[in-house]
$ cat target-v5.pdb   # PDB, C-alpha atoms and all ligand atoms
ATOM      1  CA  MET A   9     -62.035  24.905  51.303
ATOM      2  CA  ASN A  10     -65.088  24.143  53.354
ATOM      3  CA  LEU A  11     -66.378  20.564  53.422
ATOM      4  CA  ASP A  12     -69.533  21.191  55.456
ATOM      5  CA  ASN A  13     -71.914  18.225  55.281
ATOM      6  CA  GLN A  14     -69.717  16.355  52.791
ATOM      7  CA  THR A  15     -69.547  12.688  53.736
ATOM      8  CA  CYS A  16     -65.957  11.555  53.299
ATOM      9  CA  VAL A  17     -64.901   7.909  53.577
ATOM     10  CA  VAL A  18     -61.188   7.493  54.266
ATOM     11  CA  THR A  19     -59.992   3.897  54.046
ATOM     12  CA  GLY A  20     -57.218   2.902  56.443
ATOM     13  CA  SER A  21     -57.555   5.978  58.622
ATOM     14  CA  SER A  22     -56.839   4.465  62.037
ATOM     15  CA  ARG A  23     -53.134   5.296  61.596
ATOM     16  CA  GLY A  24     -50.613   7.159  59.444
ATOM     17  CA  ILE A  25     -51.551   9.262  56.425
ATOM     18  CA  GLY A  26     -55.206   8.190  56.556
ATOM     19  CA  ARG A  27     -55.480   9.370  60.160
ATOM     20  CA  GLY A  28     -53.980  12.742  59.152
ATOM     21  CA  ILE A  29     -56.455  13.035  56.273
ATOM     22  CA  ALA A  30     -59.448  12.058  58.448
ATOM     23  CA  LYS A  31     -58.559  14.607  61.140
ATOM     24  CA  ASP A  32     -58.008  17.360  58.589
ATOM     25  CA  LEU A  33     -61.328  16.669  56.825
ATOM     26  CA  GLY A  34     -63.098  16.532  60.207
ATOM     27  CA  ARG A  35     -61.607  19.894  61.175
ATOM     28  CA  ASN A  36     -62.999  21.357  57.948
ATOM     29  CA  GLY A  37     -66.638  20.371  58.370
ATOM     30  CA  ALA A  38     -66.878  16.904  56.788
ATOM     31  CA  ASN A  39     -68.742  13.894  58.163
ATOM     32  CA  VAL A  40     -65.783  11.532  58.326
ATOM     33  CA  VAL A  41     -65.874   7.744  58.100
ATOM     34  CA  VAL A  42     -62.760   6.359  59.781
ATOM     35  CA  ASN A  43     -62.240   2.936  58.224
ATOM     36  CA  TYR A  44     -59.863   0.380  59.724
ATOM     37  CA  ARG A  45     -59.138  -3.327  59.445
ATOM     38  CA  SER A  46     -57.892  -4.330  62.908
ATOM     39  CA  SER A  47     -56.783  -1.197  64.823
ATOM     40  CA  GLU A  48     -60.120  -0.579  66.531
ATOM     41  CA  ALA A  49     -58.753   1.378  69.509
ATOM     42  CA  GLU A  50     -56.748   3.662  67.208
ATOM     43  CA  ALA A  51     -59.784   4.237  64.961
ATOM     44  CA  ARG A  52     -61.944   5.112  67.967
ATOM     45  CA  ALA A  53     -59.256   7.541  69.152
ATOM     46  CA  VAL A  54     -59.325   9.276  65.739
ATOM     47  CA  VAL A  55     -63.130   9.601  65.964
ATOM     48  CA  GLU A  56     -62.809  10.949  69.499
ATOM     49  CA  SER A  57     -60.226  13.534  68.524
ATOM     50  CA  ILE A  58     -62.344  14.744  65.561
ATOM     51  CA  ARG A  59     -65.357  15.105  67.873
ATOM     52  CA  GLU A  60     -63.289  16.919  70.504
ATOM     53  CA  GLU A  61     -62.433  19.491  67.860
ATOM     54  CA  GLY A  62     -66.148  19.972  67.087
ATOM     55  CA  GLY A  63     -66.250  17.692  64.034
ATOM     56  CA  GLU A  64     -68.348  14.672  63.129
ATOM     57  CA  ALA A  65     -67.007  11.136  62.598
ATOM     58  CA  ILE A  66     -67.754   7.438  62.953
ATOM     59  CA  ALA A  67     -65.485   4.394  62.913
ATOM     60  CA  ALA A  68     -66.234   1.637  60.392
ATOM     61  CA  GLN A  69     -64.452  -1.703  60.378
ATOM     62  CA  ALA A  70     -63.920  -3.368  56.989
ATOM     63  CA  ASP A  71     -61.051  -5.198  55.392
ATOM     64  CA  VAL A  72     -60.986  -3.440  52.032
ATOM     65  CA  ALA A  73     -59.862  -6.675  50.389
ATOM     66  CA  LYS A  74     -63.206  -8.281  51.328
ATOM     67  CA  PRO A  75     -66.147  -7.104  49.173
ATOM     68  CA  ASP A  76     -68.850  -8.181  51.655
ATOM     69  CA  GLU A  77     -67.210  -6.201  54.491
ATOM     70  CA  VAL A  78     -66.892  -3.129  52.238
ATOM     71  CA  GLN A  79     -70.548  -3.415  51.237
ATOM     72  CA  ALA A  80     -71.545  -3.611  54.925
ATOM     73  CA  MET A  81     -69.451  -0.496  55.576
ATOM     74  CA  ARG A  82     -71.308   1.352  52.812
ATOM     75  CA  GLU A  83     -74.628   0.426  54.412
ATOM     76  CA  LYS A  84     -73.387   1.753  57.744
ATOM     77  CA  VAL A  85     -72.312   5.023  56.100
ATOM     78  CA  VAL A  86     -75.694   5.464  54.394
ATOM     79  CA  ASP A  87     -77.562   4.757  57.667
ATOM     80  CA  GLU A  88     -75.452   7.301  59.510
ATOM     81  CA  TYR A  89     -74.863  10.110  57.005
ATOM     82  CA  GLY A  90     -76.532   9.190  53.709
ATOM     83  CA  PRO A  91     -74.613   8.514  50.478
ATOM     84  CA  ALA A  92     -70.911   9.358  50.375
ATOM     85  CA  ASP A  93     -69.589  12.402  48.503
ATOM     86  CA  VAL A  94     -65.876  11.646  48.754
ATOM     87  CA  LEU A  95     -63.967   8.356  48.782
ATOM     88  CA  VAL A  96     -60.286   8.447  49.689
ATOM     89  CA  ASN A  97     -58.727   5.085  48.778
ATOM     90  CA  ASN A  98     -55.830   5.248  51.212
ATOM     91  CA  ALA A  99     -55.540   1.787  52.832
ATOM     92  CA  GLY A 100     -52.339   0.110  51.732
ATOM     93  CA  ILE A 101     -49.733  -2.427  52.809
ATOM     94  CA  THR A 102     -46.192  -3.442  51.910
ATOM     95  CA  ILE A 103     -44.396  -6.800  51.919
ATOM     96  CA  ASP A 104     -40.904  -5.747  50.860
ATOM     97  CA  LYS A 105     -38.483  -8.262  49.297
ATOM     98  CA  LYS A 106     -36.264  -8.252  46.258
ATOM     99  CA  PHE A 107     -38.073  -9.883  43.352
ATOM    100  CA  GLU A 108     -35.837 -12.954  43.498
ATOM    101  CA  ASN A 109     -37.164 -13.651  47.024
ATOM    102  CA  MET A 110     -40.750 -12.600  46.437
ATOM    103  CA  THR A 111     -43.315 -15.376  46.467
ATOM    104  CA  ARG A 112     -46.542 -15.436  44.556
ATOM    105  CA  GLU A 113     -48.290 -15.116  47.930
ATOM    106  CA  ASP A 114     -46.364 -11.899  48.741
ATOM    107  CA  TRP A 115     -47.412 -10.566  45.350
ATOM    108  CA  ASP A 116     -51.087 -11.536  45.673
ATOM    109  CA  THR A 117     -51.465 -10.246  49.230
ATOM    110  CA  VAL A 118     -50.285  -6.744  48.311
ATOM    111  CA  ILE A 119     -52.307  -6.678  45.075
ATOM    112  CA  ASP A 120     -55.449  -7.855  46.933
ATOM    113  CA  VAL A 121     -55.323  -4.953  49.397
ATOM    114  CA  ASN A 122     -53.765  -2.129  47.362
ATOM    115  CA  LEU A 123     -55.661  -2.725  44.105
ATOM    116  CA  GLY A 124     -58.394  -5.208  45.064
ATOM    117  CA  GLY A 125     -59.340  -2.903  47.943
ATOM    118  CA  VAL A 126     -59.518   0.067  45.576
ATOM    119  CA  PHE A 127     -61.823  -1.917  43.292
ATOM    120  CA  ASN A 128     -64.077  -3.026  46.167
ATOM    121  CA  CYS A 129     -64.418   0.431  47.708
ATOM    122  CA  THR A 130     -64.854   2.272  44.424
ATOM    123  CA  ASP A 131     -67.434  -0.314  43.381
ATOM    124  CA  ALA A 132     -69.381   0.099  46.631
ATOM    125  CA  PHE A 133     -69.383   3.925  46.569
ATOM    126  CA  TYR A 134     -69.428   4.520  42.800
ATOM    127  CA  ASP A 135     -73.114   5.443  42.472
ATOM    128  CA  ASP A 136     -72.883   7.725  45.515
ATOM    129  CA  ILE A 137     -69.940   9.627  44.009
ATOM    130  CA  LYS A 138     -71.612   9.803  40.599
ATOM    131  CA  GLU A 139     -74.759  11.302  42.049
ATOM    132  CA  ALA A 140     -73.101  13.648  44.563
ATOM    133  CA  GLU A 141     -73.049  17.369  43.808
ATOM    134  CA  HIS A 142     -69.258  17.407  44.082
ATOM    135  CA  GLY A 143     -68.341  13.719  43.880
ATOM    136  CA  ARG A 144     -64.667  12.969  44.471
ATOM    137  CA  LEU A 145     -62.640   9.795  44.024
ATOM    138  CA  ILE A 146     -59.153  10.271  45.484
ATOM    139  CA  ASN A 147     -56.592   7.484  45.210
ATOM    140  CA  ILE A 148     -53.442   7.545  47.320
ATOM    141  CA  SER A 149     -50.568   6.345  45.158
ATOM    142  CA  SER A 150     -46.849   6.878  45.822
ATOM    143  CA  VAL A 151     -43.660   8.247  44.292
ATOM    144  CA  VAL A 152     -42.650   4.566  44.311
ATOM    145  CA  GLY A 153     -45.297   3.980  41.617
ATOM    146  CA  GLN A 154     -43.511   6.612  39.528
ATOM    147  CA  GLN A 155     -39.867   5.696  40.211
ATOM    148  CA  GLY A 156     -39.963   2.014  41.201
ATOM    149  CA  ASN A 157     -38.005   0.989  44.300
ATOM    150  CA  ILE A 158     -35.712  -1.898  45.141
ATOM    151  CA  GLY A 159     -37.609  -4.518  47.160
ATOM    152  CA  GLN A 160     -41.041  -3.198  46.222
ATOM    153  CA  ALA A 161     -42.022  -4.802  42.884
ATOM    154  CA  ASN A 162     -45.442  -5.799  44.245
ATOM    155  CA  TYR A 163     -46.096  -2.460  45.965
ATOM    156  CA  ALA A 164     -44.783  -0.308  43.075
ATOM    157  CA  THR A 165     -47.000  -2.222  40.654
ATOM    158  CA  THR A 166     -50.084  -1.437  42.717
ATOM    159  CA  LYS A 167     -49.151   2.213  43.025
ATOM    160  CA  SER A 168     -48.555   2.684  39.260
ATOM    161  CA  GLY A 169     -51.713   0.684  38.569
ATOM    162  CA  LEU A 170     -53.628   3.493  40.239
ATOM    163  CA  PHE A 171     -52.550   5.938  37.521
ATOM    164  CA  GLY A 172     -54.384   4.021  34.778
ATOM    165  CA  PHE A 173     -57.326   3.345  37.066
ATOM    166  CA  THR A 174     -57.670   7.002  38.054
ATOM    167  CA  ARG A 175     -57.329   8.311  34.517
ATOM    168  CA  THR A 176     -59.980   5.882  33.267
ATOM    169  CA  LEU A 177     -62.405   6.626  36.099
ATOM    170  CA  ALA A 178     -61.882  10.348  35.463
ATOM    171  CA  LEU A 179     -63.024   9.846  31.867
ATOM    172  CA  GLU A 180     -65.928   7.593  32.815
ATOM    173  CA  LEU A 181     -67.157   9.948  35.564
ATOM    174  CA  ALA A 182     -66.609  13.201  33.675
ATOM    175  CA  HIS A 183     -70.188  13.492  32.336
ATOM    176  CA  THR A 184     -71.460  13.464  35.950
ATOM    177  CA  GLY A 185     -69.209  16.318  37.112
ATOM    178  CA  ALA A 186     -67.473  14.024  39.624
ATOM    179  CA  THR A 187     -63.674  13.908  39.501
ATOM    180  CA  ALA A 188     -61.019  11.231  40.039
ATOM    181  CA  ASN A 189     -57.463  12.138  40.983
ATOM    182  CA  CYS A 190     -54.359  10.572  42.477
ATOM    183  CA  VAL A 191     -52.253  12.000  45.249
ATOM    184  CA  ALA A 192     -48.758  10.505  45.095
ATOM    185  CA  PRO A 193     -46.862  11.203  48.322
ATOM    186  CA  GLY A 194     -43.103  10.903  48.584
ATOM    187  CA  PHE A 195     -41.805   9.373  51.814
ATOM    188  CA  VAL A 196     -43.970  10.186  54.812
ATOM    189  CA  GLU A 197     -43.268   9.795  58.543
ATOM    190  CA  THR A 198     -45.564   6.858  59.372
ATOM    191  CA  ASP A 199     -45.315   3.241  60.595
ATOM    192  CA  MET A 200     -44.789   2.214  56.955
ATOM    193  CA  LEU A 201     -41.618   4.324  56.698
ATOM    194  CA  GLU A 202     -40.404   3.008  60.058
ATOM    195  CA  GLU A 203     -40.210  -0.466  58.517
ATOM    196  CA  VAL A 204     -37.576   0.818  56.053
ATOM    197  CA  PRO A 205     -34.032   0.176  57.374
ATOM    198  CA  GLU A 206     -32.292   3.301  58.696
ATOM    199  CA  ARG A 207     -29.466   3.211  56.135
ATOM    200  CA  VAL A 208     -32.073   3.119  53.323
ATOM    201  CA  GLN A 209     -33.943   6.017  54.957
ATOM    202  CA  GLU A 210     -30.696   8.044  54.971
ATOM    203  CA  LYS A 211     -30.166   7.287  51.270
ATOM    204  CA  ILE A 212     -33.732   8.354  50.449
ATOM    205  CA  LEU A 213     -33.346  11.581  52.427
ATOM    206  CA  ARG A 214     -30.358  12.563  50.272
ATOM    207  CA  GLU A 215     -32.656  12.415  47.221
ATOM    208  CA  ILE A 216     -35.289  14.792  48.648
ATOM    209  CA  PRO A 217     -34.555  18.411  47.665
ATOM    210  CA  LEU A 218     -36.627  19.791  50.552
ATOM    211  CA  ASP A 219     -34.343  17.717  52.815
ATOM    212  CA  ARG A 220     -37.005  16.173  55.034
ATOM    213  CA  PHE A 221     -39.622  13.447  54.988
ATOM    214  CA  ALA A 222     -43.236  14.562  54.613
ATOM    215  CA  THR A 223     -45.532  14.841  57.597
ATOM    216  CA  VAL A 224     -49.054  13.442  57.337
ATOM    217  CA  GLU A 225     -50.277  17.048  57.463
ATOM    218  CA  ASP A 226     -48.321  17.829  54.263
ATOM    219  CA  ILE A 227     -50.381  15.183  52.475
ATOM    220  CA  ALA A 228     -53.697  15.908  54.224
ATOM    221  CA  GLY A 229     -53.790  19.544  53.085
ATOM    222  CA  ILE A 230     -53.500  18.503  49.442
ATOM    223  CA  VAL A 231     -56.190  15.829  49.848
ATOM    224  CA  ARG A 232     -58.477  18.443  51.404
ATOM    225  CA  PHE A 233     -58.001  20.650  48.338
ATOM    226  CA  VAL A 234     -58.781  17.752  45.980
ATOM    227  CA  ALA A 235     -61.879  16.917  48.062
ATOM    228  CA  SER A 236     -63.120  20.496  47.976
ATOM    229  CA  GLU A 237     -65.351  22.331  45.519
ATOM    230  CA  GLU A 238     -62.350  24.490  44.549
ATOM    231  CA  SER A 239     -60.772  21.576  42.646
ATOM    232  CA  SER A 240     -63.865  21.016  40.436
ATOM    233  CA  TYR A 241     -62.050  21.537  37.103
ATOM    234  CA  MET A 242     -59.165  19.179  37.914
ATOM    235  CA  THR A 243     -59.593  15.515  37.025
ATOM    236  CA  GLY A 244     -57.432  12.569  35.945
ATOM    237  CA  GLN A 245     -54.343  14.129  37.531
ATOM    238  CA  VAL A 246     -51.474  12.840  39.642
ATOM    239  CA  LEU A 247     -50.442  15.320  42.320
ATOM    240  CA  GLY A 248     -46.894  14.571  43.432
ATOM    241  CA  VAL A 249     -46.341  15.631  47.060
ATOM    242  CA  ASN A 250     -42.754  14.519  47.439
ATOM    243  CA  GLY A 251     -40.489  17.389  48.456
ATOM    244  CA  GLY A 252     -39.284  17.858  44.874
ATOM    245  CA  MET A 253     -38.140  14.297  44.066
ATOM    246  CA  GLU A 254     -37.585  13.644  40.366
ATOM    247  CA  TRP A 255     -39.463  10.968  38.447
TER
HETATM  248  P1  LIG A 301     -49.675   2.801  57.749
HETATM  249  O1  LIG A 301     -49.152   3.798  58.708
HETATM  250  O2  LIG A 301     -49.091   1.435  57.713
HETATM  251  O3  LIG A 301     -51.259   2.699  57.952
HETATM  252  C1  LIG A 301     -52.001   1.871  57.113
HETATM  253  C2  LIG A 301     -53.480   2.066  57.364
HETATM  254  O4  LIG A 301     -54.188   1.242  56.425
HETATM  255  C3  LIG A 301     -53.914   1.639  58.741
HETATM  256  O5  LIG A 301     -54.947   2.488  59.188
HETATM  257  C4  LIG A 301     -54.438   0.219  58.525
HETATM  258  O6  LIG A 301     -55.460  -0.147  59.432
HETATM  259  C5  LIG A 301     -55.044   0.365  57.140
HETATM  260  N1  LIG A 301     -55.167  -0.898  56.425
HETATM  261  C6  LIG A 301     -54.187  -1.749  56.030
HETATM  262  N2  LIG A 301     -54.714  -2.805  55.394
HETATM  263  C7  LIG A 301     -56.062  -2.615  55.404
HETATM  264  C8  LIG A 301     -57.152  -3.359  54.904
HETATM  265  N3  LIG A 301     -56.990  -4.528  54.272
HETATM  266  N4  LIG A 301     -58.395  -2.868  55.078
HETATM  267  C9  LIG A 301     -58.594  -1.698  55.724
HETATM  268  N5  LIG A 301     -57.601  -0.951  56.211
HETATM  269  C10 LIG A 301     -56.349  -1.411  56.058
HETATM  270  O7  LIG A 301     -49.557   3.316  56.244
HETATM  271  P2  LIG A 301     -49.326   4.812  55.687
HETATM  272  O8  LIG A 301     -47.868   5.038  55.614
HETATM  273  O9  LIG A 301     -50.187   5.772  56.401
HETATM  274  O10 LIG A 301     -49.836   4.622  54.190
HETATM  275  C11 LIG A 301     -51.151   4.970  53.810
HETATM  276  C12 LIG A 301     -51.223   5.015  52.287
HETATM  277  O11 LIG A 301     -50.275   5.950  51.791
HETATM  278  C13 LIG A 301     -50.889   3.672  51.640
HETATM  279  O12 LIG A 301     -51.719   3.475  50.513
HETATM  280  C14 LIG A 301     -49.451   3.851  51.197
HETATM  281  O13 LIG A 301     -49.153   3.067  50.081
HETATM  282  C15 LIG A 301     -49.425   5.336  50.846
HETATM  283  N6  LIG A 301     -48.105   5.943  50.902
HETATM  284  C16 LIG A 301     -47.344   5.913  52.050
HETATM  285  C17 LIG A 301     -46.093   6.516  52.054
HETATM  286  C18 LIG A 301     -45.213   6.553  53.276
HETATM  287  O14 LIG A 301     -44.039   6.935  53.146
HETATM  288  N7  LIG A 301     -45.684   6.218  54.453
HETATM  289  C19 LIG A 301     -45.624   7.123  50.898
HETATM  290  C20 LIG A 301     -46.407   7.120  49.753
HETATM  291  C21 LIG A 301     -47.656   6.546  49.772
HETATM  292  P3  LIG A 301     -55.243  -1.348  60.507
HETATM  293  O15 LIG A 301     -54.152  -0.917  61.424
HETATM  294  O16 LIG A 301     -56.565  -1.476  61.173
HETATM  295  O17 LIG A 301     -54.848  -2.552  59.685
END

$ encode --input "target-v5.pdb" --output "structure tokens" --more "lines below"
Ligand code: NAP
Amino acid sequence: MNLDNQTCVVTGSSRGIGRGIAKDLGRNGANVVVNYRSSEAEARAVVESIREEGGEAIAAQADVAKPDEVQAMREKVVDEYGPADVLVNNAGITIDKKFENMTREDWDTVIDVNLGGVFNCTDAFYDDIKEAEHGRLINISSVVGQQGNIGQANYATTKSGLFGFTRTLALELAHTGATANCVAPGFVETDMLEEVPERVQEKILREIPLDRFATVEDIAGIVRFVASEESSYMTGQVLGVNGGMEW
């Protein structure tokens, strides 16, 4: 699963799952674009660590919810590495509240980043992916998009929305040979999981047959496979990486 000279843009890769994906792709030969919104120091540290391991990476600031910033990021990528081959739509946020307490602003903010951001980034890199030899659109969803979750109506909606988006893009891209797939992680040890109260974390853990939360490396290895040439005949799929959770 060699990604030599493949330019891979990973949104939200200054921390968490995105950071794990960026480092893994960098270790396997890709030119990695480490996108972030505000965590500049963390993004630079990811770039540094990829370079220390002999890989190639740049940091690129852009709030994925802002089309002009995403477009500027694409220009930076093209100047540095040429058109992108792989886009990993990973950036995501939560604002957790039961629906009865959720405001329209809570709803819109999560939709703007988790779905609006996917639109903006896919729009900016669409022609690149279409024209790449092994173009890949990879959307990071969640088991929460499959099961729903108390306190996450806004978030779950964005994560299930990615299933229809991915399936449609897979059909629309198919004639070009490029693929579109979703990776749907279960619960992963990141800052996002740390925001979940401990008693809820314990309850979740009881529902995971493999009896542990995922590490970012568990997710990154699957994303690397989807990004690679080896996955060329797989498109429109949802890969559940959730320790055996039912949905
Ligand atoms: P995280 O630790 O909170 O990290 C989020 C990353 O996204 C950060 O790098 C952050 O950068 C970036 N980001 C947030 N808003 C952004 C924006 N508007 N524009 C650009 N970048 C932005 O989250 P995570 O747990 O790694 O989650 C990553 C993805 O995996 C999300 O899509 C999430 O829904 C999904 N997921 C997570 C879990 C889990 O259990 N953790 C499970 C299933 C799916 P800044 O710090 O610069 O803002």

$ residues_around --input "target-v5.pdb" --residues "Val121 in chain A" --least-positions-apart "5" --cutoff "9 Å" --atoms "only C-alpha atoms" --output "CSV table (one decimal) with C-alpha atoms, in the coordinates of the input"
chain,number,residue,atom,x,y,z
A,71,ASP,CA,-61.1,-5.2,55.4
A,72,VAL,CA,-61.0,-3.4,52.0
A,73,ALA,CA,-59.9,-6.7,50.4
A,74,LYS,CA,-63.2,-8.3,51.3
A,99,ALA,CA,-55.5,1.8,52.8
A,100,GLY,CA,-52.3,0.1,51.7
A,101,ILE,CA,-49.7,-2.4,52.8
A,116,ASP,CA,-51.1,-11.5,45.7
A,126,VAL,CA,-59.5,0.1,45.6

$ closest_residue --input "target-v5.pdb" --among "A:His183, A:Arg45, A:His142, A:Arg27" --to "Glu225 in chain A" --atoms "all atoms listed in the file"
A:Arg27

$ resolve_selection --input "target-v5.pdb" --expression "the PyMOL selection byres (((chain A and resi 168) around 10) and not hetatm)" --output "PDB file with C-alpha atoms, keeping the file's coordinate frame"
ATOM      1  CA  SER A 149     -50.568   6.345  45.158  1.00  0.00           C
ATOM      2  CA  SER A 150     -46.849   6.878  45.822  1.00  0.00           C
ATOM      3  CA  VAL A 151     -43.660   8.247  44.292  1.00  0.00           C
ATOM      4  CA  VAL A 152     -42.650   4.566  44.311  1.00  0.00           C
ATOM      5  CA  GLY A 153     -45.297   3.980  41.617  1.00  0.00           C
ATOM      6  CA  GLN A 154     -43.511   6.612  39.528  1.00  0.00           C
ATOM      7  CA  GLN A 155     -39.867   5.696  40.211  1.00  0.00           C
ATOM      8  CA  GLY A 156     -39.963   2.014  41.201  1.00  0.00           C
ATOM      9  CA  TYR A 163     -46.096  -2.460  45.965  1.00  0.00           C
ATOM     10  CA  ALA A 164     -44.783  -0.308  43.075  1.00  0.00           C
ATOM     11  CA  THR A 165     -47.000  -2.222  40.654  1.00  0.00           C
ATOM     12  CA  THR A 166     -50.084  -1.437  42.717  1.00  0.00           C
ATOM     13  CA  LYS A 167     -49.151   2.213  43.025  1.00  0.00           C
ATOM     14  CA  GLY A 169     -51.713   0.684  38.569  1.00  0.00           C
ATOM     15  CA  LEU A 170     -53.628   3.493  40.239  1.00  0.00           C
ATOM     16  CA  PHE A 171     -52.550   5.938  37.521  1.00  0.00           C
ATOM     17  CA  GLY A 172     -54.384   4.021  34.778  1.00  0.00           C
ATOM     18  CA  PHE A 173     -57.326   3.345  37.066  1.00  0.00           C
ATOM     19  CA  ALA A 192     -48.758  10.505  45.095  1.00  0.00           C
TER      20      ALA A 192
END

$ residues_around --input "target-v5.pdb" --residues "range 83-89 of chain A" --least-positions-apart "4" --cutoff "12 Å" --atoms "only C-alpha atoms" --output "list in words"
Asn13, Gln14, Thr15, Cys16, Val17, Val18, Ala38, Asn39, Val40, Val41, Val42, Asn43, Glu64, Ala65, Ile66, Ala67, Ala68, Gln69, Ala70, Asp76, Glu77, Val78, Gln79, Asp93, Val94, Leu95, Ala132, Phe133 and Asp136 of chain A

$ write_last_selection --input "target-v5.pdb" --atoms "C-alpha atoms" --output "short mmCIF file (atom, residue, chain, number, x, y, z; two decimals), in the coordinates of the input"
data_model
loop_
_atom_site.label_atom_id
_atom_site.label_comp_id
_atom_site.auth_asym_id
_atom_site.auth_seq_id
_atom_site.Cartn_x
_atom_site.Cartn_y
_atom_site.Cartn_z
CA ASN A 13 -71.91 18.23 55.28
CA GLN A 14 -69.72 16.36 52.79
CA THR A 15 -69.55 12.69 53.74
CA CYS A 16 -65.96 11.56 53.30
CA VAL A 17 -64.90 7.91 53.58
CA VAL A 18 -61.19 7.49 54.27
CA ALA A 38 -66.88 16.90 56.79
CA ASN A 39 -68.74 13.89 58.16
CA VAL A 40 -65.78 11.53 58.33
CA VAL A 41 -65.87 7.74 58.10
CA VAL A 42 -62.76 6.36 59.78
CA ASN A 43 -62.24 2.94 58.22
CA GLU A 64 -68.35 14.67 63.13
CA ALA A 65 -67.01 11.14 62.60
CA ILE A 66 -67.75 7.44 62.95
CA ALA A 67 -65.48 4.39 62.91
CA ALA A 68 -66.23 1.64 60.39
CA GLN A 69 -64.45 -1.70 60.38
CA ALA A 70 -63.92 -3.37 56.99
CA ASP A 76 -68.85 -8.18 51.66
CA GLU A 77 -67.21 -6.20 54.49
CA VAL A 78 -66.89 -3.13 52.24
CA GLN A 79 -70.55 -3.42 51.24
CA ASP A 93 -69.59 12.40 48.50
CA VAL A 94 -65.88 11.65 48.75
CA LEU A 95 -63.97 8.36 48.78
CA ALA A 132 -69.38 0.10 46.63
CA PHE A 133 -69.38 3.92 46.57
CA ASP A 136 -72.88 7.72 45.52
#

$ axis_aligned_box --input "target-v5.pdb" --around "ligand LIG 301 (chain A)" --padding-each-side "3 Å" --output "AutoDock Vina command-line options"
--center_x -51.3 --center_y 1.3 --center_z 55.6 --size_x 20.6 --size_y 17.7 --size_z 17.7

$ decode --input "target-v5.pdb" --residues "range 226-237 of chain A" --atoms "N, CA, C and O atoms" --output "PDB file, in the first residue's frame"
ATOM      1  N   ASP A 226      -5.837   2.581  14.586  1.00  0.00           N
ATOM      2  CA  ASP A 226      -6.815   1.605  14.067  1.00  0.00           C
ATOM      3  C   ASP A 226      -7.553   2.180  12.870  1.00  0.00           C
ATOM      4  O   ASP A 226      -7.889   1.473  11.917  1.00  0.00           O
ATOM      5  N   ILE A 227      -7.856   3.475  12.937  1.00  0.00           N
ATOM      6  CA  ILE A 227      -8.616   4.116  11.855  1.00  0.00           C
ATOM      7  C   ILE A 227      -7.684   4.446  10.684  1.00  0.00           C
ATOM      8  O   ILE A 227      -8.029   4.241   9.515  1.00  0.00           O
ATOM      9  N   ALA A 228      -6.481   4.914  11.014  1.00  0.00           N
ATOM     10  CA  ALA A 228      -5.541   5.373   9.971  1.00  0.00           C
ATOM     11  C   ALA A 228      -5.170   4.253   8.997  1.00  0.00           C
ATOM     12  O   ALA A 228      -5.050   4.483   7.790  1.00  0.00           O
ATOM     13  N   GLY A 229      -5.014   3.041   9.516  1.00  0.00           N
ATOM     14  CA  GLY A 229      -4.629   1.917   8.648  1.00  0.00           C
ATOM     15  C   GLY A 229      -5.701   1.636   7.606  1.00  0.00           C
ATOM     16  O   GLY A 229      -5.404   1.317   6.444  1.00  0.00           O
ATOM     17  N   ILE A 230      -6.958   1.760   8.007  1.00  0.00           N
ATOM     18  CA  ILE A 230      -8.062   1.517   7.071  1.00  0.00           C
ATOM     19  C   ILE A 230      -8.114   2.645   6.026  1.00  0.00           C
ATOM     20  O   ILE A 230      -8.304   2.397   4.837  1.00  0.00           O
ATOM     21  N   VAL A 231      -7.916   3.877   6.485  1.00  0.00           N
ATOM     22  CA  VAL A 231      -7.923   5.011   5.548  1.00  0.00           C
ATOM     23  C   VAL A 231      -6.785   4.853   4.530  1.00  0.00           C
ATOM     24  O   VAL A 231      -6.968   5.103   3.331  1.00  0.00           O
ATOM     25  N   ARG A 232      -5.640   4.384   5.018  1.00  0.00           N
ATOM     26  CA  ARG A 232      -4.513   4.175   4.077  1.00  0.00           C
ATOM     27  C   ARG A 232      -4.898   3.163   2.988  1.00  0.00           C
ATOM     28  O   ARG A 232      -4.627   3.357   1.809  1.00  0.00           O
ATOM     29  N   PHE A 233      -5.578   2.090   3.393  1.00  0.00           N
ATOM     30  CA  PHE A 233      -6.013   1.097   2.411  1.00  0.00           C
ATOM     31  C   PHE A 233      -6.971   1.741   1.397  1.00  0.00           C
ATOM     32  O   PHE A 233      -6.832   1.560   0.184  1.00  0.00           O
ATOM     33  N   VAL A 234      -7.926   2.512   1.889  1.00  0.00           N
ATOM     34  CA  VAL A 234      -8.906   3.133   0.978  1.00  0.00           C
ATOM     35  C   VAL A 234      -8.201   4.118   0.046  1.00  0.00           C
ATOM     36  O   VAL A 234      -8.574   4.277  -1.116  1.00  0.00           O
ATOM     37  N   ALA A 235      -7.154   4.783   0.541  1.00  0.00           N
ATOM     38  CA  ALA A 235      -6.417   5.751  -0.278  1.00  0.00           C
ATOM     39  C   ALA A 235      -5.531   5.073  -1.328  1.00  0.00           C
ATOM     40  O   ALA A 235      -5.156   5.691  -2.319  1.00  0.00           O
ATOM     41  N   SER A 236      -5.251   3.804  -1.120  1.00  0.00           N
ATOM     42  CA  SER A 236      -4.244   3.140  -1.954  1.00  0.00           C
ATOM     43  C   SER A 236      -4.832   2.600  -3.261  1.00  0.00           C
ATOM     44  O   SER A 236      -6.045   2.482  -3.421  1.00  0.00           O
ATOM     45  N   GLU A 237      -3.928   2.228  -4.155  1.00  0.00           N
ATOM     46  CA  GLU A 237      -4.330   1.651  -5.441  1.00  0.00           C
ATOM     47  C   GLU A 237      -5.050   0.321  -5.230  1.00  0.00           C
ATOM     48  O   GLU A 237      -5.922  -0.061  -6.010  1.00  0.00           O
TER      49      GLU A 237
END
